[in-house]
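Structure file work.cif with mmCIF, C-alpha atoms and all ligand atoms:
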data_model
loop_
_atom_site.label_atom_id
_atom_site.label_comp_id
_atom_site.auth_asym_id
_atom_site.auth_seq_id
_atom_site.Cartn_x
_atom_site.Cartn_y
_atom_site.Cartn_z
CA MET A 1 -21.74 45.09 4.18
CA THR A 2 -23.27 47.89 6.22
CA SER A 3 -26.15 48.20 8.65
CA PRO A 4 -28.90 50.72 7.99
CA ARG A 5 -28.05 53.93 9.80
CA ILE A 6 -30.34 56.35 11.59
CA LEU A 7 -29.52 59.82 12.79
CA LEU A 8 -31.86 60.30 15.75
CA ILE A 9 -32.51 63.90 16.75
CA ILE A 10 -34.03 64.15 20.21
CA SER A 11 -35.67 67.39 21.24
CA GLY A 12 -36.63 68.38 24.75
CA GLY A 13 -40.06 67.15 25.75
CA ILE A 14 -41.10 64.86 28.57
CA ALA A 15 -41.40 62.01 26.03
CA ALA A 16 -37.65 62.24 25.35
CA TYR A 17 -37.01 59.43 27.83
CA LYS A 18 -38.86 57.06 25.46
CA SER A 19 -36.16 57.65 22.85
CA LEU A 20 -33.92 55.36 24.92
CA GLU A 21 -36.35 52.49 24.41
CA LEU A 22 -36.56 53.36 20.73
CA VAL A 23 -32.77 53.13 20.42
CA ARG A 24 -32.80 49.72 22.10
CA LEU A 25 -35.50 48.41 19.75
CA LEU A 26 -33.67 49.71 16.68
CA ARG A 27 -30.36 48.21 17.81
CA ARG A 28 -32.07 44.84 18.26
CA ARG A 29 -33.18 45.14 14.66
CA GLY A 30 -29.60 45.66 13.55
CA VAL A 31 -29.88 49.41 12.95
CA ALA A 32 -26.91 51.63 13.80
CA VAL A 33 -28.16 54.70 15.65
CA ARG A 34 -26.28 57.96 16.09
CA ALA A 35 -27.93 60.51 18.38
CA VAL A 36 -28.09 64.28 18.43
CA LEU A 37 -29.54 66.02 21.48
CA THR A 38 -30.89 69.55 21.59
CA ASP A 39 -29.92 71.59 24.65
CA SER A 40 -33.32 71.13 26.24
CA ALA A 41 -33.34 67.37 25.53
CA LYS A 42 -30.28 67.07 27.77
CA GLU A 43 -32.60 68.00 30.66
CA PHE A 44 -34.56 64.79 30.01
CA VAL A 45 -32.00 62.20 28.87
CA THR A 46 -28.28 62.12 29.47
CA PRO A 47 -25.68 61.87 26.72
CA LEU A 48 -24.12 59.05 28.76
CA SER A 49 -27.16 56.75 28.65
CA LEU A 50 -27.61 57.45 24.94
CA GLY A 51 -23.92 56.84 24.31
CA VAL A 52 -24.11 53.48 26.03
CA LEU A 53 -27.16 52.40 24.06
CA THR A 54 -25.99 53.69 20.68
CA GLU A 55 -22.35 52.69 21.25
CA ASP A 56 -21.45 55.95 19.63
CA HIS A 57 -20.53 59.48 20.44
CA VAL A 58 -23.58 61.62 21.18
CA TYR A 59 -23.66 64.96 19.41
CA GLY A 60 -25.05 68.16 20.77
CA ALA A 61 -23.14 71.37 20.40
CA MET A 62 -22.90 73.15 17.07
CA PHE A 63 -19.83 75.07 18.06
CA ASP A 64 -17.88 72.29 19.68
CA LEU A 65 -14.71 72.70 17.68
CA LYS A 66 -13.59 69.12 18.20
CA GLU A 67 -16.93 67.82 16.95
CA GLU A 68 -16.98 70.14 13.96
CA ARG A 69 -13.39 69.27 13.04
CA GLU A 70 -13.81 65.52 13.41
CA ILE A 71 -17.30 65.21 12.00
CA GLY A 72 -19.21 68.26 10.80
CA HIS A 73 -22.95 68.66 10.72
CA ILE A 74 -23.00 67.87 6.99
CA GLN A 75 -21.19 64.58 7.62
CA LEU A 76 -23.72 63.61 10.28
CA SER A 77 -26.52 63.78 7.76
CA ARG A 78 -24.46 62.28 4.93
CA GLN A 79 -23.69 59.18 6.98
CA ALA A 80 -27.36 58.42 7.71
CA ASP A 81 -29.94 56.57 5.62
CA LEU A 82 -32.78 58.25 7.48
CA ILE A 83 -33.12 61.14 9.93
CA VAL A 84 -35.63 60.64 12.71
CA VAL A 85 -36.75 63.50 14.96
CA CYS A 86 -38.21 61.85 18.05
CA PRO A 87 -39.74 63.35 20.02
CA ALA A 88 -40.28 66.39 17.83
CA THR A 89 -41.42 69.28 20.04
CA ALA A 90 -43.71 72.05 18.84
CA ASN A 91 -40.70 74.36 19.08
CA LEU A 92 -38.42 72.24 16.90
CA LEU A 93 -41.22 71.67 14.35
CA ALA A 94 -41.70 75.45 14.16
CA ARG A 95 -38.00 76.03 13.65
CA MET A 96 -37.89 73.32 10.97
CA ALA A 97 -40.92 74.79 9.20
CA GLY A 98 -39.31 78.24 9.30
CA GLY A 99 -35.95 76.99 8.02
CA LEU A 100 -34.03 78.15 11.09
CA ALA A 101 -30.55 76.85 11.70
CA ASP A 102 -29.63 78.05 15.16
CA ASP A 103 -28.34 74.87 16.74
CA LEU A 104 -26.89 71.55 15.61
CA ALA A 105 -30.28 69.77 15.28
CA SER A 106 -31.94 72.47 13.18
CA THR A 107 -28.81 72.97 11.08
CA ILE A 108 -28.65 69.27 10.22
CA LEU A 109 -32.35 69.32 9.32
CA LEU A 110 -31.86 72.29 7.02
CA ALA A 111 -28.73 70.88 5.42
CA THR A 112 -29.90 67.32 4.82
CA ASP A 113 -31.03 65.71 1.60
CA LYS A 114 -31.96 62.48 3.39
CA PRO A 115 -35.55 61.39 4.17
CA VAL A 116 -36.80 62.78 7.46
CA LEU A 117 -39.38 61.24 9.81
CA ALA A 118 -40.70 63.51 12.56
CA VAL A 119 -42.54 61.98 15.52
CA PRO A 120 -44.26 64.86 17.34
CA ALA A 121 -45.16 64.73 21.04
CA MET A 122 -46.65 67.64 22.93
CA ASN A 123 -49.54 68.87 25.04
CA VAL A 124 -52.94 68.46 23.36
CA ARG A 125 -53.54 72.23 23.09
CA MET A 126 -50.13 72.80 21.57
CA TRP A 127 -50.88 70.02 19.05
CA HIS A 128 -54.23 71.55 18.03
CA HIS A 129 -52.92 75.13 17.98
CA ALA A 130 -53.28 76.71 14.56
CA ALA A 131 -49.56 77.54 14.47
CA THR A 132 -48.53 73.92 15.04
CA GLN A 133 -51.00 72.63 12.47
CA ARG A 134 -49.73 75.27 9.99
CA ASN A 135 -46.15 74.19 10.63
CA LEU A 136 -47.05 70.53 10.18
CA ALA A 137 -48.78 71.28 6.88
CA GLN A 138 -45.68 73.15 5.74
CA LEU A 139 -43.38 70.31 6.77
CA ARG A 140 -45.54 67.74 4.94
CA ALA A 141 -45.44 69.97 1.86
CA ASP A 142 -41.64 70.06 2.24
CA GLY A 143 -41.58 66.25 2.03
CA ILE A 144 -41.14 65.44 5.69
CA THR A 145 -42.99 62.38 6.98
CA ILE A 146 -44.99 63.09 10.11
CA MET A 147 -46.04 60.19 12.33
CA GLU A 148 -49.35 61.07 14.00
CA PRO A 149 -49.25 61.19 17.79
CA ASP A 150 -51.48 58.96 19.91
CA GLU A 151 -54.45 60.10 21.94
CA GLY A 152 -54.52 59.49 25.68
CA ASP A 153 -53.54 60.74 29.12
CA MET A 154 -50.79 63.34 29.05
CA ALA A 155 -47.94 63.85 31.46
CA CYS A 156 -49.47 67.26 32.24
CA GLY A 157 -52.72 65.64 33.45
CA GLU A 158 -54.80 66.50 30.38
CA PHE A 159 -56.27 64.07 27.87
CA GLY A 160 -56.10 64.21 24.10
CA LYS A 161 -53.93 63.92 21.05
CA GLY A 162 -50.22 64.55 21.40
CA ARG A 163 -48.77 61.49 23.13
CA LEU A 164 -45.68 59.94 21.59
CA PRO A 165 -46.69 56.65 19.90
CA ASP A 166 -45.47 53.41 21.39
CA PRO A 167 -41.70 53.02 20.68
CA GLU A 168 -42.45 49.63 19.09
CA ALA A 169 -44.76 51.32 16.57
CA ILE A 170 -42.14 54.00 15.88
CA ALA A 171 -39.48 51.33 15.31
CA GLU A 172 -41.80 49.58 12.84
CA ARG A 173 -42.40 52.81 10.96
CA ILE A 174 -38.66 53.40 10.77
CA MET A 175 -37.99 49.87 9.49
CA ALA A 176 -40.64 50.38 6.82
CA MET A 177 -38.96 53.61 5.71
CA LEU A 178 -35.55 51.96 5.46
CA ALA A 179 -36.19 50.31 2.11
CA PRO A 180 -34.30 46.99 2.12
CA GLU A 181 -33.13 47.39 -1.46
CA VAL A 182 -31.17 50.52 -0.55
CA VAL A 183 -29.30 48.73 2.19
CA THR A 184 -27.22 45.60 1.90
CA PRO A 185 -28.30 42.97 4.39
CA THR A 186 -25.83 42.21 7.09
CA LEU A 187 -25.28 39.50 9.63
CA ALA A 188 -24.13 41.71 12.46
CA PRO A 189 -24.77 45.37 13.10
CA GLN A 190 -21.86 47.54 12.12
CA LEU A 191 -20.75 48.87 15.44
CA LEU A 192 -19.51 52.42 15.40
CA THR A 193 -16.88 52.80 18.04
CA ASP A 194 -15.93 55.84 20.01
CA THR A 195 -12.31 55.86 21.00
CA SER A 196 -12.57 58.98 23.13
CA ARG A 197 -14.20 57.34 26.14
CA THR A 198 -15.09 54.04 27.69
CA ILE A 199 -18.47 52.59 26.85
CA VAL A 200 -20.31 49.98 28.90
CA ALA A 201 -20.74 46.63 27.13
CA PRO A 202 -23.88 46.78 25.01
CA ASP A 203 -26.81 44.36 24.85
CA ARG A 204 -25.77 42.08 22.01
CA SER A 205 -28.85 39.89 22.13
CA GLY A 206 -29.86 41.03 18.66
CA ALA A 207 -28.36 39.12 15.77
CA THR A 208 -29.93 40.84 12.81
CA LEU A 209 -32.17 39.46 10.10
CA TYR A 210 -32.45 42.81 8.40
CA GLY A 211 -33.35 42.42 4.71
CA ARG A 212 -34.32 38.74 5.12
CA HIS A 213 -37.72 37.25 4.51
CA ILE A 214 -38.73 34.71 7.15
CA LEU A 215 -41.78 32.51 6.70
CA VAL A 216 -43.44 30.98 9.75
CA THR A 217 -46.44 28.67 10.04
CA ALA A 218 -48.29 28.41 13.35
CA GLY A 219 -51.32 26.99 15.08
CA PRO A 220 -53.45 23.98 14.20
CA THR A 221 -55.41 23.37 11.05
CA HIS A 222 -59.14 22.69 11.10
CA GLU A 223 -60.36 20.12 8.63
CA PRO A 224 -64.11 20.39 8.17
CA ILE A 225 -66.42 17.42 8.67
CA ASP A 226 -69.46 19.54 7.91
CA PRO A 227 -70.12 23.30 8.20
CA VAL A 228 -70.06 23.20 12.02
CA ARG A 229 -67.66 20.37 12.90
CA PHE A 230 -64.01 19.90 12.22
CA ILE A 231 -60.98 17.75 13.04
CA GLY A 232 -58.40 19.82 14.89
CA ASN A 233 -55.71 19.57 17.55
CA ARG A 234 -54.56 21.31 20.72
CA SER A 235 -51.94 23.61 19.18
CA SER A 236 -52.30 27.14 20.63
CA GLY A 237 -50.04 28.91 18.13
CA LEU A 238 -48.04 30.50 20.98
CA GLN A 239 -44.63 29.14 19.94
CA GLY A 240 -45.04 30.02 16.26
CA PHE A 241 -46.32 33.51 17.07
CA ALA A 242 -43.36 34.05 19.44
CA ILE A 243 -40.97 33.02 16.66
CA ALA A 244 -42.63 35.36 14.15
CA ARG A 245 -42.40 38.20 16.66
CA ALA A 246 -38.74 37.48 17.46
CA ALA A 247 -37.90 37.39 13.74
CA ALA A 248 -39.59 40.77 13.21
CA GLU A 249 -37.74 42.19 16.21
CA ALA A 250 -34.51 41.00 14.64
CA GLY A 251 -35.38 43.12 11.60
CA ALA A 252 -36.76 40.48 9.23
CA ARG A 253 -39.73 40.86 6.92
CA VAL A 254 -41.99 38.16 8.31
CA THR A 255 -44.93 36.27 6.81
CA LEU A 256 -46.89 34.32 9.41
CA VAL A 257 -49.32 31.77 7.99
CA SER A 258 -51.62 30.98 10.87
CA GLY A 259 -54.25 28.35 11.42
CA PRO A 260 -57.28 29.22 13.57
CA VAL A 261 -55.98 30.60 16.90
CA SER A 262 -57.09 33.42 19.15
CA LEU A 263 -53.85 35.39 19.30
CA PRO A 264 -53.25 39.04 18.36
CA ASP A 265 -51.05 39.92 15.38
CA PRO A 266 -47.38 40.12 16.39
CA PRO A 267 -46.17 43.68 15.67
CA GLY A 268 -44.64 44.22 12.27
CA VAL A 269 -45.63 40.81 10.91
CA ARG A 270 -47.71 40.10 7.79
CA ARG A 271 -50.30 37.54 8.90
CA VAL A 272 -52.22 35.27 6.55
CA ASN A 273 -55.07 33.34 8.19
CA VAL A 274 -56.03 29.89 6.93
CA GLN A 275 -58.24 27.05 8.14
CA THR A 276 -57.11 23.85 6.43
CA ALA A 277 -53.80 22.18 5.55
CA ARG A 278 -54.48 22.67 1.85
CA GLU A 279 -55.09 26.38 2.37
CA MET A 280 -51.92 26.56 4.47
CA LEU A 281 -49.84 24.97 1.71
CA ALA A 282 -51.23 27.44 -0.84
CA ALA A 283 -50.48 30.42 1.43
CA VAL A 284 -46.95 29.12 2.11
CA GLU A 285 -46.21 28.69 -1.61
CA ASP A 286 -47.63 32.16 -2.28
CA ALA A 287 -45.23 33.63 0.26
CA LEU A 288 -42.09 32.21 -1.42
CA PRO A 289 -39.28 33.02 -1.87
CA ALA A 290 -38.10 33.13 1.72
CA ASP A 291 -34.61 33.00 3.22
CA ALA A 292 -35.78 30.70 6.00
CA ALA A 293 -39.04 28.88 6.69
CA ILE A 294 -39.93 27.72 10.18
CA MET A 295 -42.83 25.31 10.06
CA VAL A 296 -44.26 25.36 13.56
CA ALA A 297 -47.88 24.61 12.68
CA ALA A 298 -49.42 21.37 13.86
CA VAL A 299 -50.87 20.49 10.49
CA ALA A 300 -53.59 17.84 10.45
CA ASP A 301 -52.39 14.70 8.69
CA TRP A 302 -55.79 13.97 7.14
CA HIS A 303 -58.87 15.74 5.93
CA VAL A 304 -62.34 14.34 5.48
CA ALA A 305 -63.12 13.18 1.96
CA ASP A 306 -66.22 14.97 0.65
CA SER A 307 -67.00 16.95 3.80
CA ALA A 308 -70.74 17.50 4.03
CA GLY A 309 -72.21 20.74 2.70
CA GLN A 310 -74.87 20.68 5.41
CA LYS A 311 -74.78 19.73 9.07
CA ILE A 312 -74.85 15.93 9.43
CA LYS A 313 -77.95 14.90 11.43
CA LYS A 314 -78.74 11.85 13.55
CA ASP A 315 -81.53 10.05 11.75
CA GLY A 316 -82.88 8.27 14.86
CA SER A 317 -81.89 4.81 13.64
CA GLY A 318 -78.69 4.69 15.72
CA ALA A 319 -76.58 4.44 12.53
CA THR A 320 -73.24 6.27 12.82
CA PRO A 321 -71.67 8.22 9.98
CA THR A 322 -68.45 6.93 8.49
CA LEU A 323 -65.72 9.45 7.85
CA THR A 324 -63.29 8.62 5.09
CA LEU A 325 -59.98 10.38 5.62
CA VAL A 326 -57.61 11.47 2.88
CA GLU A 327 -53.98 12.35 3.53
CA ASN A 328 -53.15 16.07 3.58
CA PRO A 329 -50.20 17.47 1.68
CA ASP A 330 -47.07 17.58 3.83
CA ILE A 331 -46.12 21.25 3.70
CA LEU A 332 -42.66 20.81 5.20
CA ALA A 333 -41.76 17.93 2.87
CA THR A 334 -43.16 19.87 -0.10
CA LEU A 335 -40.85 22.79 0.72
CA GLY A 336 -37.97 20.36 1.23
CA ARG A 337 -38.03 19.47 -2.46
CA HIS A 338 -39.45 22.74 -3.79
CA ALA A 339 -37.85 24.55 -6.72
CA ARG A 340 -37.87 27.65 -4.51
CA ARG A 341 -36.80 25.84 -1.35
CA PRO A 342 -35.89 28.33 1.41
CA ARG A 343 -32.19 28.31 2.14
CA LEU A 344 -32.85 27.22 5.72
CA LEU A 345 -35.80 24.94 6.32
CA VAL A 346 -36.78 24.26 9.93
CA GLY A 347 -39.45 21.77 10.93
CA PHE A 348 -41.00 21.05 14.30
CA ALA A 349 -41.63 17.58 15.63
CA ALA A 350 -44.27 17.21 18.29
CA GLU A 351 -43.83 13.77 19.77
CA THR A 352 -45.10 11.87 22.77
CA ASN A 353 -42.42 9.15 22.82
CA ASP A 354 -38.90 8.53 21.50
CA VAL A 355 -38.77 12.25 20.80
CA VAL A 356 -35.22 12.55 19.50
CA ALA A 357 -35.16 9.31 17.48
CA HIS A 358 -38.34 10.24 15.65
CA ALA A 359 -37.09 13.75 15.02
CA VAL A 360 -33.74 12.62 13.65
CA ALA A 361 -35.55 10.38 11.15
CA LYS A 362 -38.01 13.18 10.31
CA ARG A 363 -35.23 15.62 9.42
CA VAL A 364 -34.00 13.31 6.69
CA ARG A 365 -37.41 12.09 5.53
CA LYS A 366 -38.79 15.62 5.08
CA GLY A 367 -35.67 17.19 3.61
CA ALA A 368 -35.44 19.76 6.43
CA ASP A 369 -32.18 21.33 7.61
CA TRP A 370 -33.15 21.45 11.27
CA ILE A 371 -35.85 19.88 13.36
CA VAL A 372 -36.98 21.38 16.64
CA ALA A 373 -38.33 18.44 18.61
CA ASN A 374 -40.46 18.61 21.71
CA ASP A 375 -42.35 16.28 23.95
CA VAL A 376 -46.02 17.17 23.80
CA SER A 377 -47.33 14.57 26.26
CA VAL A 378 -50.01 16.30 28.29
CA GLY A 379 -48.64 16.53 31.82
CA GLU A 380 -50.60 15.98 35.02
CA ASN A 381 -49.73 19.45 36.31
CA GLY A 382 -50.82 21.70 33.52
CA PRO A 383 -51.52 22.08 29.88
CA GLY A 384 -48.18 20.62 28.71
CA VAL A 385 -46.35 22.15 25.76
CA MET A 386 -49.45 22.61 23.64
CA GLY A 387 -51.16 25.61 25.22
CA GLY A 388 -48.53 25.97 27.95
CA ALA A 389 -46.11 28.87 28.36
CA ASP A 390 -42.84 26.89 28.38
CA ASN A 391 -41.08 24.54 26.01
CA ALA A 392 -38.09 22.19 26.37
CA ILE A 393 -36.75 21.48 22.92
CA HIS A 394 -34.08 19.42 21.22
CA LEU A 395 -32.49 21.04 18.18
CA ILE A 396 -31.54 18.47 15.57
CA THR A 397 -29.17 19.61 12.83
CA SER A 398 -26.85 17.78 10.45
CA SER A 399 -24.14 17.96 13.13
CA GLY A 400 -26.08 16.42 16.01
CA VAL A 401 -28.60 17.01 18.76
CA GLU A 402 -28.69 19.85 21.29
CA ASP A 403 -30.86 19.58 24.39
CA TRP A 404 -32.13 22.98 25.48
CA PRO A 405 -33.42 23.56 29.02
CA LEU A 406 -37.08 24.28 29.76
CA LEU A 407 -37.58 27.89 28.69
CA PRO A 408 -40.48 30.27 28.18
CA LYS A 409 -41.65 30.06 24.56
CA GLU A 410 -40.49 33.65 23.97
CA ALA A 411 -36.95 32.70 25.02
CA VAL A 412 -36.98 29.59 22.81
CA ALA A 413 -38.08 31.88 19.97
CA ARG A 414 -35.31 34.43 20.55
CA HIS A 415 -32.57 31.80 20.81
CA LEU A 416 -33.82 30.04 17.71
CA ILE A 417 -33.91 33.31 15.77
CA GLU A 418 -30.35 34.09 16.87
CA ARG A 419 -29.27 30.68 15.56
CA ILE A 420 -31.08 31.28 12.30
CA ALA A 421 -29.48 34.70 11.88
CA ASP A 422 -26.07 33.09 12.43
CA ALA A 423 -26.81 30.33 9.94
CA LEU A 424 -28.00 32.72 7.24
O1 LIG A 501 -44.88 14.46 10.56
P1 LIG A 501 -45.15 15.50 11.58
O2 LIG A 501 -46.54 16.07 11.51
O3 LIG A 501 -44.79 15.11 12.98
O4 LIG A 501 -44.12 16.66 11.21
C1 LIG A 501 -44.10 17.86 11.88
C2 LIG A 501 -43.50 18.91 11.03
O5 LIG A 501 -43.99 18.81 9.71
C3 LIG A 501 -43.87 20.30 11.48
O6 LIG A 501 -42.85 21.18 11.13
C4 LIG A 501 -45.14 20.57 10.72
O7 LIG A 501 -45.39 21.95 10.58
C5 LIG A 501 -44.85 19.89 9.42
N1 LIG A 501 -46.00 19.34 8.73
C6 LIG A 501 -46.39 19.88 7.54
N2 LIG A 501 -47.44 19.35 6.83
C7 LIG A 501 -48.10 18.31 7.32
C8 LIG A 501 -47.73 17.71 8.53
C9 LIG A 501 -46.67 18.26 9.22
O8 LIG A 501 -45.78 20.84 7.14
N3 LIG A 501 -49.12 17.83 6.62
#
Go through the file and emit its structure as structure tokens.
Ligand code: C5P
Amino acid sequence: MTSPRILLIISGGIAAYKSLELVRLLRRRGVAVRAVLTDSAKEFVTPLSLGVLTEDHVYGAMFDLKEEREIGHIQLSRQADLIVVCPATANLLARMAGGLADDLASTILLATDKPVLAVPAMNVRMWHHAATQRNLAQLRADGITIMEPDEGDMACGEFGKGRLPDPEAIAERIMAMLAPEVVTPTLAPQLLTDTSRTIVAPDRSGATLYGRHILVTAGPTHEPIDPVRFIGNRSSGLQGFAIARAAAEAGARVTLVSGPVSLPDPPGVRRVNVQTAREMLAAVEDALPADAAIMVAAVADWHVADSAGQKIKKDGSGATPTLTLVENPDILATLGRHARRPRLLVGFAAETNDVVAHAVAKRVRKGADWIVANDVSVGENGPGVMGGADNAIHLITSSGVEDWPLLPKEAVARHLIERIADAL
């Protein structure tokens, strides 16, 4: 099994320093990155920092005999699934458009038959210059994908188009270009080692979910009483959204089925918005198959039978309306016995008392593999778990109960995703 592999060509603009962040984001997604620096890029980022982050030798000189003997420029392109030029300066784009091959970067780009993504970054006038636009048109015609730069303040003090996009957005674009079917999914990134020098221990926080489909539900459901009233609960959606985000950062394709919450879309996640439990079940079934499903939503247990089509009015007599409640489908239990049951099914148990005992019973009753249990009593000193920033959970699996310390919801999400990546 191999990880997807990127050959990252960094050319010398002020945005080159952002390539370090891009490497880190790609590594967290399980992508192996090998870097090539142009001479001018070395003025902005050092081969040492890139070597540490990529855990690989960093290439630069065309006529380094050792490099050419051990791994030639053709090999560098052959061993990659995708070549990314980031940042791509006006100068390198011009040389690419003209077919020049006067250094290692341009030679690789001329010799490659692999897909190429160029991420330009330059001063606004350079971007709008007719020569640059002509070169870009030529490169597009040659089949090179160009990621449009952002508009904003420039390092040179001007304002306009030409800023390097956010590294997170570039990483997403790269993941989208690495078609999963071309690459075999892997549990751990294939680490390319360099025996010629010592490398500082890398950040290994990223177990990879590359090539996996992860389904997450989040938030409350709203069950209408009439067009303006509903039955709901205090779920904020924060924990589910953090889990969806962490799964996407680990390289998964993520579907997030969300009840009504006011949270922005996590980057790189497909979000499906629903209101009611019945809509949530339909959206979850639509999203199958999935490798793992993490059911974080606080789904209402009941909906109102025959909710009114018009706003219910007081009639002045003092009579109160009677609401008849009907049980909602249990989405988790439905998946637990589904013909397309996800391989790993994780439920949440929000409890106010006997947290672990209830959760242990729930795991069996709902046919889940794991239950993440938490105490949702509303504390005196804050919003409690629902709406709060932290969560102290118990993870219940077939082999027992783990008590995790109180952690920010993002940290709970990352640790849980690491466990899921291990289990898959
Ligand atoms: O039974 P309880 O609501 O405590 O179970 C919580 C778990 O079951 C959560 O994972 C929640 O998303 C899921 N659930 C569900 N459908 C329901 C009720 C709960 O999927 N109708």
Inset, instruction - For ligand LIG 501 (chain A), list the contacting residues at 6 Å or closer, counting all atoms listed in the file, as a PyMOL selection string. - result: chain A and resi 295-301+328-332+347-350
Inset, instruction - May I ask which of the residues A:Ala15, A:Thr107, A:Leu288, A:Asn233 is the closest one to A:Pro149, counting all atoms listed in the file? - result: A:Ala15
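Atom pair atom CA of A:Val23 / atom CA of A:Leu238 has a distance of 27.3 Å (rounded to one decimal).
Counting only C-alpha atoms, the residue from A:Ala111, A:Gly316, A:Val376, A:Asp369 that sits nearest to A:Ser235 is A:Val376.
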Inset, instruction - Using atom CA of A:Leu37 and atom CA of A:Ala105 as the two end points, give the distance in Å to one decimal. - result: 7.3 Å
Inset, instruction - Calculate how many Å separate atom CA of A:Arg163 from atom CA of A:Asn123, rounding to one decimal. - result: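 Atom-to-atom, atom CA of A:Arg163 to atom CA of A:Asn123, that is 7.7 Å.
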Inset, instruction - Using only C-alpha atoms, find the one residue out of A:Thr132, A:Gln310, A:Gln275, A:Thr208 that sits nearest to A:Ala252. - result: A:Thr208
Please write out, as lines of an AutoDock Vina configuration file, where the centre of an axis-aligned box around all listed atoms of stretch 123-128 of chain A lies and how long its edges are, in Å to one decimal, after adding 8 Å on each side.
center_x = -51.9
center_y = 70.6
center_z = 21.5
size_x = 20.7
size_y = 20.3
size_z = 23.0
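Residues in contact range of A:Gln79, defined as at most 12 Å between only C-alpha atoms, with sequence neighbours fewer than 4 positions away removed, read Thr2, Ser3, Pro4, Arg5, Ile6, Leu7, Ala32, Val33, Arg34, Ile71, Gly72, His73, Ile74, Gln75, Ile83, Ile108, Thr112, Asp113, Lys114 and Leu192 of chain A.
Restricting the calculation to all atoms listed in the file, the smallest distance between A:Arg24 and any of A:Ala171, A:Ala242, A:Val124, A:Ala373 is found for A:Ala171.
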Inset, instruction - Would you mind telling me which residue in A:Leu345, A:Ala97, A:Leu109, A:Ala411 lies nearest to A:Gln138 when using all atoms listed in the file? - result: A:Ala97
Legend entry - Neighbours of point (-38.6, 14.4, 7.2) within 12 Å, using all atoms listed in the file, written as JSON, numbers by chain: {"A": [330, 331, 332, 333, 334, 335, 336, 337, 345, 346, 347, 348, 349, 357, 358, 359, 360, 361, 362, 363, 364, 365, 366, 367, 368, 369, 370, 371, 372, 396]}
File dump, residues just selected, C-alpha atoms, as an mmCIF file, in the coordinates of the input:
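Below you can see part-v7.cif, which holds the result:
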data_model
loop_
_atom_site.group_PDB
_atom_site.id
_atom_site.type_symbol
_atom_site.label_atom_id
_atom_site.label_comp_id
_atom_site.auth_asym_id
_atom_site.auth_seq_id
_atom_site.Cartn_x
_atom_site.Cartn_y
_atom_site.Cartn_z
ATOM 1 C CA ASP A 330 -47.070 17.580 3.830
ATOM 2 C CA ILE A 331 -46.120 21.250 3.700
ATOM 3 C CA LEU A 332 -42.660 20.810 5.200
ATOM 4 C CA ALA A 333 -41.760 17.930 2.870
ATOM 5 C CA THR A 334 -43.160 19.870 -0.100
ATOM 6 C CA LEU A 335 -40.850 22.790 0.720
ATOM 7 C CA GLY A 336 -37.970 20.360 1.230
ATOM 8 C CA ARG A 337 -38.030 19.470 -2.460
ATOM 9 C CA LEU A 345 -35.800 24.940 6.320
ATOM 10 C CA VAL A 346 -36.780 24.260 9.930
ATOM 11 C CA GLY A 347 -39.450 21.770 10.930
ATOM 12 C CA PHE A 348 -41.000 21.050 14.300
ATOM 13 C CA ALA A 349 -41.630 17.580 15.630
ATOM 14 C CA ALA A 357 -35.160 9.310 17.480
ATOM 15 C CA HIS A 358 -38.340 10.240 15.650
ATOM 16 C CA ALA A 359 -37.090 13.750 15.020
ATOM 17 C CA VAL A 360 -33.740 12.620 13.650
ATOM 18 C CA ALA A 361 -35.550 10.380 11.150
ATOM 19 C CA LYS A 362 -38.010 13.180 10.310
ATOM 20 C CA ARG A 363 -35.230 15.620 9.420
ATOM 21 C CA VAL A 364 -34.000 13.310 6.690
ATOM 22 C CA ARG A 365 -37.410 12.090 5.530
ATOM 23 C CA LYS A 366 -38.790 15.620 5.080
ATOM 24 C CA GLY A 367 -35.670 17.190 3.610
ATOM 25 C CA ALA A 368 -35.440 19.760 6.430
ATOM 26 C CA ASP A 369 -32.180 21.330 7.610
ATOM 27 C CA TRP A 370 -33.150 21.450 11.270
ATOM 28 C CA ILE A 371 -35.850 19.880 13.360
ATOM 29 C CA VAL A 372 -36.980 21.380 16.640
ATOM 30 C CA ILE A 396 -31.540 18.470 15.570
#
Inset, instruction - Would you please work out which residue, of A:Gly98, A:Pro165, A:Gly211, A:Pro264, is nearest to A:Met122 when using only C-alpha atoms? - result: A:Pro165
Legend entry - Residue contacts of stretch 93-95 of chain A (9 Å, only C-alpha atoms) excluding same-chain residues fewer than 5 positions away, as a PyMOL selection string: chain A and resi 88+100-102+106+118+120+131-132+135-136+139
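For A:Leu263, the non-local neighbours within 12 Å, defined as residues at least 4 positions apart in the same chain or in other chains and counting only C-alpha atoms, are Ala218, Gly219, Ser235, Ser236, Gly237, Leu238, Gln239, Gly240, Phe241, Ala242, Ser258, Gly259, Pro267, Arg271, Asn273 and Gly387 of chain A.
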